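Visitor: Data: coords-v9.txt, compact mmCIF, C-alpha atoms.
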# COMPACT_ATOMS: atom_id res chain seq x y z
CA MET A 279 0.00 0.00 0.00
CA ASN A 280 2.82 2.38 0.84
CA ASN A 281 4.36 1.82 -2.60
CA LYS A 282 1.00 2.67 -4.19
CA TYR A 283 0.74 5.98 -2.38
CA LEU A 284 4.40 6.74 -3.12
CA LEU A 285 3.82 6.17 -6.85
CA LYS A 286 0.81 8.49 -6.83
CA GLY A 287 2.85 11.15 -5.07
CA ILE A 288 5.64 10.91 -7.63
CA ARG A 289 3.17 11.25 -10.52
CA PHE A 290 1.55 14.29 -8.93
CA THR A 291 4.94 15.93 -8.32
CA VAL A 292 6.13 15.32 -11.89
CA ALA A 293 2.86 16.67 -13.35
CA THR A 294 3.07 19.78 -11.16
CA CYS A 295 6.69 20.44 -12.15
CA LEU A 296 5.91 20.09 -15.84
CA SER A 297 3.02 22.53 -15.51
CA ILE A 298 5.24 25.07 -13.74
CA ILE A 299 7.95 24.69 -16.41
CA ALA A 300 5.39 25.22 -19.20
CA LEU A 301 3.94 28.31 -17.53
CA THR A 302 7.42 29.70 -16.86
CA ALA A 303 8.44 29.18 -20.50
CA THR A 304 5.35 31.03 -21.62
CA ASP A 305 6.08 33.94 -19.28
CA ILE A 306 9.74 34.20 -20.37
CA HIS A 307 9.35 33.91 -24.13
CA GLY A 308 5.83 35.23 -24.63
CA GLN A 309 3.08 33.16 -26.21
CA VAL A 310 5.01 29.98 -26.98
CA THR A 311 1.87 27.90 -27.32
CA PRO A 312 -0.07 29.01 -30.42
CA GLU A 313 -3.77 29.69 -30.51
CA PHE A 314 -5.61 26.56 -31.59
CA GLY A 315 -9.03 26.57 -33.23
CA MET A 316 -11.43 23.89 -34.32
CA ALA A 317 -14.59 24.37 -36.37
CA ALA A 318 -17.13 21.98 -37.83
CA ARG A 319 -20.20 22.37 -39.97
CA GLY A 320 -22.56 19.50 -40.65
CA VAL A 321 -25.17 19.90 -43.40
CA PHE A 322 -27.69 17.05 -43.50
CA SER A 323 -30.76 17.18 -45.71
CA GLY A 324 -33.36 15.05 -47.41
CA ASN A 325 -33.54 16.04 -51.08
CA PHE A 326 -36.72 15.39 -53.05
CA GLU A 327 -36.45 16.14 -56.76
CA ASP A 328 -39.00 16.16 -59.56
CA ARG A 329 -38.28 16.61 -63.30
CA ASN A 330 -40.56 17.43 -66.21
CA SER A 331 -40.23 13.89 -67.58
CA GLY A 332 -42.03 12.65 -64.48
CA SER A 333 -38.95 11.13 -62.85
CA HIS A 334 -38.64 11.49 -59.09
CA SER A 335 -35.79 10.98 -56.66
CA ALA A 336 -35.17 11.24 -52.93
CA VAL A 337 -31.79 11.08 -51.26
CA SER A 338 -30.17 11.66 -47.89
CA ASP A 339 -27.44 14.23 -48.47
CA PHE A 340 -24.55 15.17 -46.16
CA SER A 341 -22.30 16.82 -48.75
CA ASP A 342 -20.48 20.04 -47.78
CA SER A 343 -20.12 18.83 -44.19
CA GLY A 344 -16.58 19.46 -43.04
CA LEU A 345 -14.01 19.95 -40.31
CA LEU A 346 -11.46 22.76 -39.99
CA LEU A 347 -8.39 23.00 -37.78
CA GLY A 348 -6.38 26.20 -37.41
CA LEU A 349 -3.29 27.56 -35.65
CA ARG A 350 -2.39 31.22 -35.11
CA GLN A 351 0.83 32.60 -33.67
CA LYS A 352 2.23 36.09 -33.07
CA LEU A 353 5.45 36.76 -34.96
CA TYR A 354 8.44 38.78 -33.73
CA SER A 355 7.03 42.00 -35.22
CA ASN A 356 3.45 43.27 -35.41
CA TRP A 357 2.60 40.48 -37.85
CA ARG A 358 0.91 37.19 -37.04
CA SER A 359 0.77 33.85 -38.84
CA ARG A 360 -2.06 31.44 -39.49
CA PHE A 361 -2.20 27.85 -40.69
CA VAL A 362 -5.47 26.14 -41.63
CA MET A 363 -6.27 22.62 -42.74
CA GLY A 364 -9.80 21.56 -43.62
CA MET A 365 -11.54 18.59 -45.14
CA GLN A 366 -15.00 18.33 -46.62
CA PHE A 367 -17.34 15.65 -47.94
CA PRO A 368 -17.91 16.44 -51.64
CA ASP A 369 -21.08 15.79 -53.64
CA ALA A 370 -22.26 12.21 -54.01
CA ASP A 371 -21.51 12.09 -57.76
CA SER A 372 -18.13 13.81 -57.40
CA GLU A 373 -14.89 12.33 -58.75
CA LEU A 374 -12.94 13.64 -55.75
CA GLY A 375 -13.37 10.58 -53.57
CA GLN A 376 -14.84 10.30 -50.09
CA VAL A 377 -13.00 13.29 -48.57
CA PHE A 378 -11.70 16.45 -50.22
CA TYR A 379 -9.09 18.72 -48.59
CA HIS A 380 -10.60 22.08 -49.50
CA GLN A 381 -8.55 24.33 -47.18
CA VAL A 382 -4.79 23.90 -46.73
CA PHE A 383 -3.06 27.28 -46.53
CA ILE A 384 -0.74 29.53 -44.57
CA GLN A 385 -1.36 33.22 -44.05
CA VAL A 386 0.64 36.10 -42.58
CA GLU A 387 -1.04 39.39 -41.82
CA ASN A 388 -0.97 42.63 -39.89
CA LEU A 389 -3.41 45.49 -39.58
CA HIS A 390 -3.25 46.53 -43.23
CA ASN A 391 -1.74 43.60 -45.14
CA ILE A 392 -2.71 39.97 -45.75
CA ILE A 393 -0.57 37.43 -47.64
CA LYS A 394 -2.07 34.00 -48.30
CA PHE A 395 -0.92 30.95 -50.23
CA GLY A 396 -2.01 27.33 -50.40
CA ARG A 397 -5.36 25.78 -51.29
CA SER A 398 -8.52 27.75 -50.56
CA ARG A 399 -11.55 29.38 -52.17
CA VAL A 400 -10.78 30.98 -55.50
CA LYS A 401 -12.00 34.49 -56.31
CA GLY A 402 -14.83 33.35 -58.58
CA SER A 403 -17.47 35.49 -56.86
CA LEU A 404 -17.64 38.51 -54.57
CA ILE A 405 -20.44 37.83 -52.08
CA GLU A 406 -22.29 34.89 -50.55
CA PHE A 407 -25.98 34.21 -50.99
CA PRO A 408 -28.20 32.60 -48.33
CA THR A 409 -28.74 29.25 -50.03
CA LEU A 410 -28.54 26.01 -48.05
CA ARG A 411 -25.32 24.92 -49.81
CA ASP A 412 -22.80 27.07 -51.65
CA ASP A 413 -23.31 25.19 -54.93
CA ASP A 414 -27.12 25.54 -55.05
CA ALA A 415 -26.71 28.58 -57.31
CA LEU A 416 -23.19 27.83 -58.53
CA ARG A 417 -23.84 28.45 -62.23
CA PHE A 418 -25.22 31.91 -61.48
CA THR A 419 -22.89 33.10 -58.72
CA GLU A 420 -19.47 31.59 -59.56
CA LYS A 421 -17.22 31.83 -62.60
CA LEU A 422 -17.18 28.25 -63.88
CA ASN A 423 -13.83 26.54 -64.30
CA PRO A 424 -12.90 26.59 -68.02
CA PHE A 425 -10.15 23.98 -67.50
CA ALA A 426 -12.31 21.20 -66.03
CA THR A 427 -15.00 18.87 -67.32
CA GLY A 428 -17.69 20.32 -65.03
CA LYS A 429 -18.22 17.04 -63.21
CA ASN A 430 -17.12 18.41 -59.81
CA THR A 431 -18.61 21.62 -58.46
CA GLU A 432 -15.54 21.96 -56.21
CA ASP A 433 -13.37 22.52 -59.32
CA SER A 434 -15.01 25.94 -59.71
CA GLN A 435 -14.77 26.81 -56.02
CA TYR A 436 -11.34 25.72 -54.79
CA GLY A 437 -7.82 25.89 -56.15
CA ASN A 438 -4.20 26.65 -55.35
CA VAL A 439 -4.10 30.36 -54.52
CA LEU A 440 -1.60 33.16 -54.05
CA GLU A 441 -3.12 36.38 -52.73
CA TYR A 442 -2.03 39.76 -51.45
CA THR A 443 -4.54 42.13 -49.87
CA ARG A 444 -3.97 45.74 -48.84
CA ILE A 445 -6.56 47.30 -46.51
CA PHE A 446 -7.03 51.06 -46.62
CA GLY A 447 -8.74 52.71 -43.65
CA LYS A 448 -10.28 49.41 -42.44
CA ARG A 449 -13.00 49.49 -45.13
CA VAL A 450 -11.40 49.44 -48.58
CA TRP A 451 -9.83 46.10 -49.59
CA LEU A 452 -7.63 45.80 -52.68
CA THR A 453 -6.66 42.21 -53.54
CA ALA A 454 -4.33 40.94 -56.26
CA HIS A 455 -4.55 37.18 -56.73
CA GLY A 456 -3.38 34.30 -58.87
CA GLU A 457 -4.84 30.79 -58.89
CA HIS A 458 -4.30 27.38 -60.33
CA TYR A 459 -7.72 25.94 -61.14
CA ALA A 460 -7.98 22.16 -61.37
CA GLU A 461 -7.38 20.93 -64.93
CA SER A 462 -9.12 17.81 -66.19
CA VAL A 463 -9.81 18.62 -69.88
CA PHE A 464 -7.48 16.65 -72.21
CA SER A 465 -5.42 15.55 -69.20
CA MET A 466 -3.22 12.51 -69.69
CA PRO A 467 -3.37 9.43 -67.43
CA ASN A 468 -1.09 9.75 -64.38
CA GLN A 469 -0.31 13.35 -65.31
CA VAL A 470 1.29 15.24 -62.42
CA ASP A 471 -0.83 18.18 -61.34
CA GLU A 472 0.68 21.55 -62.12
CA PHE A 473 0.94 24.44 -59.70
CA GLY A 474 1.62 27.22 -62.17
CA LEU A 475 -0.95 30.01 -62.32
CA ASN A 476 -3.67 29.63 -64.95
CA SER A 477 -5.80 32.51 -63.64
CA ALA A 478 -5.16 35.95 -62.18
CA GLY A 479 -7.18 38.98 -61.22
CA VAL A 480 -7.82 41.93 -58.95
CA ASN A 481 -10.68 42.78 -56.55
CA LEU A 482 -11.62 46.19 -55.17
CA GLU A 483 -14.12 46.08 -52.31
CA TYR A 484 -15.72 48.43 -49.79
CA ARG A 485 -16.71 46.52 -46.63
CA VAL A 486 -18.42 47.89 -43.56
CA PRO A 487 -17.01 46.06 -40.47
CA ALA A 488 -19.27 43.39 -38.99
CA SER A 489 -19.09 45.13 -35.61
CA GLN A 490 -21.25 47.91 -37.09
CA ARG A 491 -23.89 45.50 -38.35
CA TRP A 492 -26.78 47.28 -36.64
CA ASN A 493 -25.44 50.82 -36.79
CA ARG A 494 -24.64 51.50 -40.40
CA GLY A 495 -26.08 53.20 -43.44
CA LEU A 496 -27.60 51.98 -46.66
CA ILE A 497 -24.47 50.44 -48.21
CA GLN A 498 -23.05 47.39 -46.46
CA TYR A 499 -20.83 46.23 -49.29
CA ILE A 500 -19.88 47.18 -52.82
CA GLY A 501 -17.22 45.54 -54.96
CA VAL A 502 -15.91 44.90 -58.43
CA ALA A 503 -13.54 42.20 -59.73
CA VAL A 504 -11.75 41.36 -62.97
CA ASN A 505 -10.45 37.82 -63.59
CA ALA A 506 -8.41 36.43 -66.48
CA PHE A 507 -8.18 32.72 -67.42
CA PHE A 508 -5.25 31.68 -69.59
CA LEU A 509 -6.23 28.85 -71.96
CA GLU A 510 -3.32 27.41 -73.92
CA ASP A 511 -2.87 24.82 -76.65
CA ARG A 512 -3.14 21.93 -74.19
CA HIS A 513 -6.67 23.13 -73.38
CA LEU A 514 -7.86 24.23 -76.85
CA GLY A 515 -5.75 22.45 -79.45
CA PRO A 516 -2.47 22.95 -81.31
CA GLU A 517 -1.29 26.52 -81.93
CA ARG A 518 -4.26 28.12 -80.25
CA SER A 519 -4.43 30.09 -77.02
CA GLU A 520 -6.95 32.60 -75.69
CA THR A 521 -7.67 34.54 -72.52
CA LEU A 522 -11.13 34.54 -71.00
CA ILE A 523 -12.02 37.74 -69.20
CA ASN A 524 -14.62 37.70 -66.42
CA VAL A 525 -15.97 40.87 -64.79
CA ILE A 526 -18.04 40.80 -61.58
CA ALA A 527 -19.85 43.56 -59.68
CA ALA A 528 -21.85 43.16 -56.47
CA THR A 529 -23.47 45.11 -53.67
CA ILE A 530 -25.30 44.49 -50.38
CA ILE A 531 -27.86 47.07 -49.25
CA ASN A 532 -29.30 47.36 -45.75
CA ILE A 533 -32.98 47.96 -46.36
CA HIS A 534 -33.83 48.03 -42.65
CA PRO A 535 -30.75 47.66 -40.35
CA ASP A 536 -32.77 47.05 -37.22
CA PRO A 537 -31.08 44.85 -34.56
CA VAL A 538 -34.22 42.72 -34.15
CA ASN A 539 -36.01 42.80 -37.52
CA PHE A 540 -33.27 43.08 -40.15
CA TRP A 541 -33.76 43.28 -43.93
CA ASP A 542 -31.08 43.32 -46.61
CA PHE A 543 -30.84 42.95 -50.38
CA ARG A 544 -27.82 41.53 -52.19
CA VAL A 545 -27.17 41.32 -55.92
CA GLN A 546 -24.28 40.22 -58.11
CA GLY A 547 -23.82 40.47 -61.87
CA SER A 548 -21.10 38.96 -64.04
CA PHE A 549 -19.98 38.90 -67.68
CA THR A 550 -17.59 36.51 -69.47
CA ASN A 551 -16.35 37.37 -72.96
CA GLY A 552 -16.13 33.75 -74.18
CA LEU A 553 -13.96 32.03 -76.77
CA THR A 554 -13.89 33.39 -80.30
CA GLY A 555 -16.50 31.92 -82.65
CA MET A 556 -18.18 29.61 -80.15
CA LYS A 557 -21.75 29.06 -81.38
CA ARG A 558 -22.44 25.47 -80.39
CA LEU A 559 -21.74 23.43 -77.29
CA ARG A 560 -19.85 20.15 -77.66
CA ASN A 561 -19.73 19.25 -73.99
CA GLU A 562 -20.42 20.73 -70.57
CA VAL A 563 -17.03 22.44 -70.26
CA ASP A 564 -18.03 24.70 -73.16
CA LEU A 565 -20.59 26.29 -70.84
CA ALA A 566 -17.67 27.81 -68.94
CA ARG A 567 -15.98 28.93 -72.16
CA ALA A 568 -18.98 30.45 -73.92
CA GLN A 569 -19.88 34.11 -73.72
CA SER A 570 -22.37 34.61 -70.89
CA SER A 571 -24.02 37.18 -68.66
CA ALA A 572 -25.56 36.35 -65.28
CA ILE A 573 -27.33 38.09 -62.44
CA TYR A 574 -28.37 36.71 -59.07
CA ALA A 575 -30.16 38.49 -56.20
CA SER A 576 -31.56 37.74 -52.73
CA LEU A 577 -34.01 39.48 -50.42
CA ARG A 578 -33.47 38.39 -46.81
CA TYR A 579 -35.36 38.88 -43.54
CA LEU A 580 -33.57 37.99 -40.30
CA ARG A 581 -35.13 38.14 -36.86
CA ARG A 582 -32.76 38.20 -33.90
CA THR A 583 -34.00 37.32 -30.43
CA LEU A 584 -31.72 38.02 -27.46
CA GLU A 585 -29.00 39.04 -29.93
CA ARG A 586 -29.04 35.64 -31.65
CA PRO A 587 -30.62 34.64 -34.98
CA SER A 588 -33.97 32.97 -34.39
CA ILE A 589 -35.51 32.80 -37.88
CA GLN A 590 -34.47 33.76 -41.40
CA VAL A 591 -36.60 33.87 -44.56
CA THR A 592 -35.04 34.47 -47.98
CA LEU A 593 -36.16 34.66 -51.59
CA SER A 594 -33.50 34.44 -54.30
CA GLY A 595 -33.48 34.32 -58.07
CA GLY A 596 -31.09 34.33 -60.99
CA TYR A 597 -30.93 34.60 -64.77
CA LYS A 598 -28.08 33.58 -67.07
CA ILE A 599 -27.93 33.95 -70.84
CA TYR A 600 -25.49 32.76 -73.51
CA PRO A 601 -26.07 35.33 -76.27
CA GLU A 602 -23.65 33.86 -78.85
CA LEU A 603 -25.15 30.35 -78.77
CA TYR A 604 -27.93 29.22 -81.05
CA ASN A 605 -31.48 28.47 -79.85
CA SER A 606 -31.78 31.20 -77.22
CA SER A 607 -29.79 29.35 -74.57
CA HIS A 608 -30.48 30.58 -71.04
CA GLN A 609 -31.25 29.48 -67.47
CA VAL A 610 -33.64 30.80 -64.81
CA GLN A 611 -33.63 29.82 -61.14
CA VAL A 612 -35.84 30.74 -58.18
CA THR A 613 -35.00 29.65 -54.61
CA GLY A 614 -36.76 30.19 -51.29
CA ASN A 615 -35.71 28.95 -47.87
CA VAL A 616 -36.48 29.25 -44.16
CA ALA A 617 -33.98 28.65 -41.34
CA VAL A 618 -35.11 28.31 -37.72
CA ARG A 619 -32.68 28.22 -34.79
CA ILE A 620 -33.80 25.35 -32.56
CA GLY A 621 -30.73 25.11 -30.34
CA ASP A 622 -27.25 26.47 -29.83
CA GLY A 623 -25.55 25.96 -33.19
CA LEU A 624 -28.38 23.84 -34.62
CA ASP A 625 -30.79 25.05 -37.30
CA LEU A 626 -33.75 23.48 -39.04
CA VAL A 627 -33.67 24.54 -42.70
CA THR A 628 -36.13 24.01 -45.55
CA GLN A 629 -35.50 25.07 -49.13
CA ALA A 630 -37.37 24.90 -52.44
CA LEU A 631 -35.60 25.41 -55.77
CA TYR A 632 -36.96 25.60 -59.32
CA GLU A 633 -34.72 25.84 -62.38
CA LYS A 634 -35.76 26.25 -66.02
CA ARG A 635 -33.33 25.60 -68.89
CA ASN A 636 -33.64 26.42 -72.58
CA GLY A 637 -31.71 25.90 -75.79
CA GLN A 638 -28.35 24.16 -75.85
CA VAL A 639 -28.02 24.48 -72.06
CA ARG A 640 -30.87 22.02 -71.70
CA ASN A 641 -28.99 19.43 -73.78
CA PHE A 642 -26.10 19.21 -71.32
CA LEU A 643 -27.63 20.10 -67.94
CA GLY A 644 -30.91 18.27 -68.44
CA GLU A 645 -34.54 19.25 -68.28
CA ASP A 646 -36.27 21.63 -65.89
CA ARG A 647 -36.26 20.53 -62.27
CA PHE A 648 -37.88 21.21 -58.93
CA ARG A 649 -36.13 20.27 -55.69
CA PHE A 650 -37.34 20.44 -52.11
CA GLN A 651 -34.95 20.00 -49.19
CA ILE A 652 -35.44 19.76 -45.45
CA GLY A 653 -32.66 19.13 -42.99
CA PHE A 654 -30.43 20.23 -40.15
CA VAL A 655 -27.27 22.33 -40.08
CA TYR A 656 -24.93 22.08 -37.11
CA SER A 657 -22.17 24.65 -36.58
CA LEU A 658 -19.42 24.65 -33.97
CA GLU A 659 -16.30 26.72 -33.41
CA GLN A 660 -14.03 26.47 -30.38
CA ILE A 661 -10.85 28.46 -29.67
CA PHE A 662 -8.19 27.32 -27.21
CA ASN A 663 -5.46 29.60 -25.81
CA SER A 664 -7.17 32.61 -27.39
CA GLN A 665 -4.73 35.39 -28.27
CA PHE A 666 -6.24 37.43 -31.11
CA GLY A 667 -9.40 39.21 -32.12
CA ASP A 668 -11.29 37.70 -35.02
CA ARG A 669 -11.05 39.49 -38.36
CA GLY A 670 -11.95 36.18 -39.97
CA SER A 671 -12.89 33.09 -37.97
CA LEU A 672 -12.58 29.50 -39.15
CA LEU A 673 -16.31 29.25 -39.82
CA ASN A 674 -16.02 32.34 -42.04
CA LEU A 675 -14.11 30.11 -44.47
CA GLU A 676 -17.21 27.96 -44.92
CA HIS A 677 -20.40 28.86 -46.74
CA ASP A 678 -22.88 30.54 -44.42
CA TYR A 679 -26.59 30.53 -45.25
CA ILE A 680 -27.03 33.18 -42.52
CA PRO A 681 -24.37 35.66 -43.75
Would you mind writing the file's structure down as structure tokens?
Guide:
Amino acid sequence: MNNKYLLKGIRFTVATCLSIIALTATDIHGQVTPEFGMAARGVFSGNFEDRNSGSHSAVSDFSDSGLLLGLRQKLYSNWRSRFVMGMQFPDADSELGQVFYHQVFIQVENLHNIIKFGRSRVKGSLIEFPTLRDDDALRFTEKLNPFATGKNTEDSQYGNVLEYTRIFGKRVWLTAHGEHYAESVFSMPNQVDEFGLNSAGVNLEYRVPASQRWNRGLIQYIGVAVNAFFLEDRHLGPERSETLINVIAATIINIHPDPVNFWDFRVQGSFTNGLTGMKRLRNEVDLARAQSSAIYASLRYLRRTLERPSIQVTLSGGYKIYPELYNSSHQVQVTGNVAVRIGDGLDLVTQALYEKRNGQVRNFLGEDRFRFQIGFVYSLEQIFNSQFGDRGSLLNLEHDYIP
């Protein structure tokens, strides 16, 4: 018995000494232990779909659920570093496998500068819309990847990025960026992925800080972006190369910035110049390479009870036209959803979506469809050894249907 108590005493003494050494090291050298963050978002829905042909389908969907881990550390100057790694479950019909690493990047920043490189969201759009998943309105809100087959929605959302942002006066953000979009058109078997830039652009944005959400004027956000996509002979054919130019403009307007009953309106328009002489579509990738114009808008009502969202109702719609294609090719989409907060971090969400397709677009995307979804969304973020204020949290990296 004495040996048992002696062993317990030794363990307690060793643990106490190690704790004192760790605390002393932190005091001497400053924050040795970095800030550690963990975030998760689970999106689970039942999808019920009906097409004009009379076909019906129902599926349990957990795509876009993911986990994020992040580290932040103060550097020797007034800069700080950040490392993020995240994985996500892609769509059921995706070619990306069971798990997709959608966020793997390092970032260094100070008050007015942000440098980021790794894998993350590409600059294919300016603002988020309150749809259940970020790809529900993908063809209207994102610049489609002209290097990929169109099979994976993630190919138009994520890529290898290199970004520099300069912030002027806390509200004006100027970003220069280059990306490598995933390439799967005319790729050879076992071809090693390239990391050279195949896209570049610049964004100019005016952002009102989130801390002034309920005490601001009419304009919440306004921005414009120009993106260039460099298609070479390996994408188009021998001795041919072209540059696609995509222009995006967006704004968010506070219709009624009341802290309890809040209304806003958000709209984004985009134009892509398209490849020379493209009149007919041969495959789905040509949708990304054809000349197109798109607009998408949302009207949102958010009620906050005890300073937390309790219910949100949105109505969204979009229109996209391909003016150079034959047969009046265009798409129309209308989406409505309701989100109800039923517990801390848990929402009950229902969404109805109708999409109409005409002309050559119908040949590749299929007939008109109606989809109804009902499900739960769980969100969690936890910070350990907190050291910094949040200019952008881990959950901000994920799509947010309550933006």
Visitor: In Å, rounded to a single decimal, give me how far atom CA of Asp342 of chain A is from atom CA of Gly320 of chain A.
Guide: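 According to the coordinates, atom CA of Gly320 of chain A and atom CA of Asp342 of chain A are separated by 7.4 Å.
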Visitor: Let me make sure I understand: among A:Gly456, A:Gly402, A:Gly495, A:Gly501, which one has the smallest atom-to-atom distance to Gly474 of chain A if we use only C-alpha atoms?
Guide: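 Smallest separation from Gly474 of chain A among the options: A:Gly456.
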Visitor: Name the residues in contact with Thr550 of chain A at a cut-off of 8 Å, using all atoms listed in the file, excluding same-chain residues fewer than 5 positions from it; report them as a PDB file with C-alpha atoms, in the frame of the given file.
Guide:
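The resulting file, around_4.pdb, is shown below:
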ATOM      1  CA  LEU A 522     -11.130  34.540 -71.000  1.00  0.00           C
ATOM      2  CA  ILE A 523     -12.020  37.740 -69.200  1.00  0.00           C
ATOM      3  CA  ASN A 524     -14.620  37.700 -66.420  1.00  0.00           C
ATOM      4  CA  VAL A 525     -15.970  40.870 -64.790  1.00  0.00           C
ATOM      5  CA  ALA A 568     -18.980  30.450 -73.920  1.00  0.00           C
ATOM      6  CA  GLN A 569     -19.880  34.110 -73.720  1.00  0.00           C
ATOM      7  CA  SER A 570     -22.370  34.610 -70.890  1.00  0.00           C
ATOM      8  CA  SER A 571     -24.020  37.180 -68.660  1.00  0.00           C
TER       9      SER A 571
END
Visitor: Neighbourhood query: residues within 9 Å of (-5.8, 32.1, -38.0), file coordinates, counting only C-alpha atoms; return as a list in words.
Guide: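 Checked against the point, the hits come out as Glu313, Phe314, Gly315, Gly348, Leu349, Arg350, Gln351, Arg358, Ser359, Arg360, Phe361, Val362, Ile384, Gln385, Val386, Phe666, Asp668, Gly670, Ser671 and Leu672 of chain A.
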Visitor: Between A:Val545, A:Asn663, A:Glu520, A:Gly623, which has the minimum distance to Thr311 of chain A (counting all atoms listed in the file)?
Guide: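 Of all the options, A:Asn663 lies closest to Thr311 of chain A.
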Visitor: Could you tell me how far atom CA of Lys557 of chain A lies from atom CA of Ser372 of chain A, in Å and to one decimal?
Guide: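 For atom CA of Lys557 of chain A relative to atom CA of Ser372 of chain A, the distance reads 28.6 Å.
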Visitor: Find the residue from A:Ser664, A:Thr592, A:Ser323, A:Thr409 that sits nearest to Leu577 of chain A; use all atoms listed in the file when measuring.
Guide: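 Smallest distance to Leu577 of chain A is found for A:Thr592.
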Visitor: Leaving out Asp678 of chain A and any residue of its chain fewer than 2 positions from it, which residues lie within 10 Å of it when counting only C-alpha atoms, given as a ChimeraX atom specification?
Guide: /A:319,406-412,657,673-676,680-681
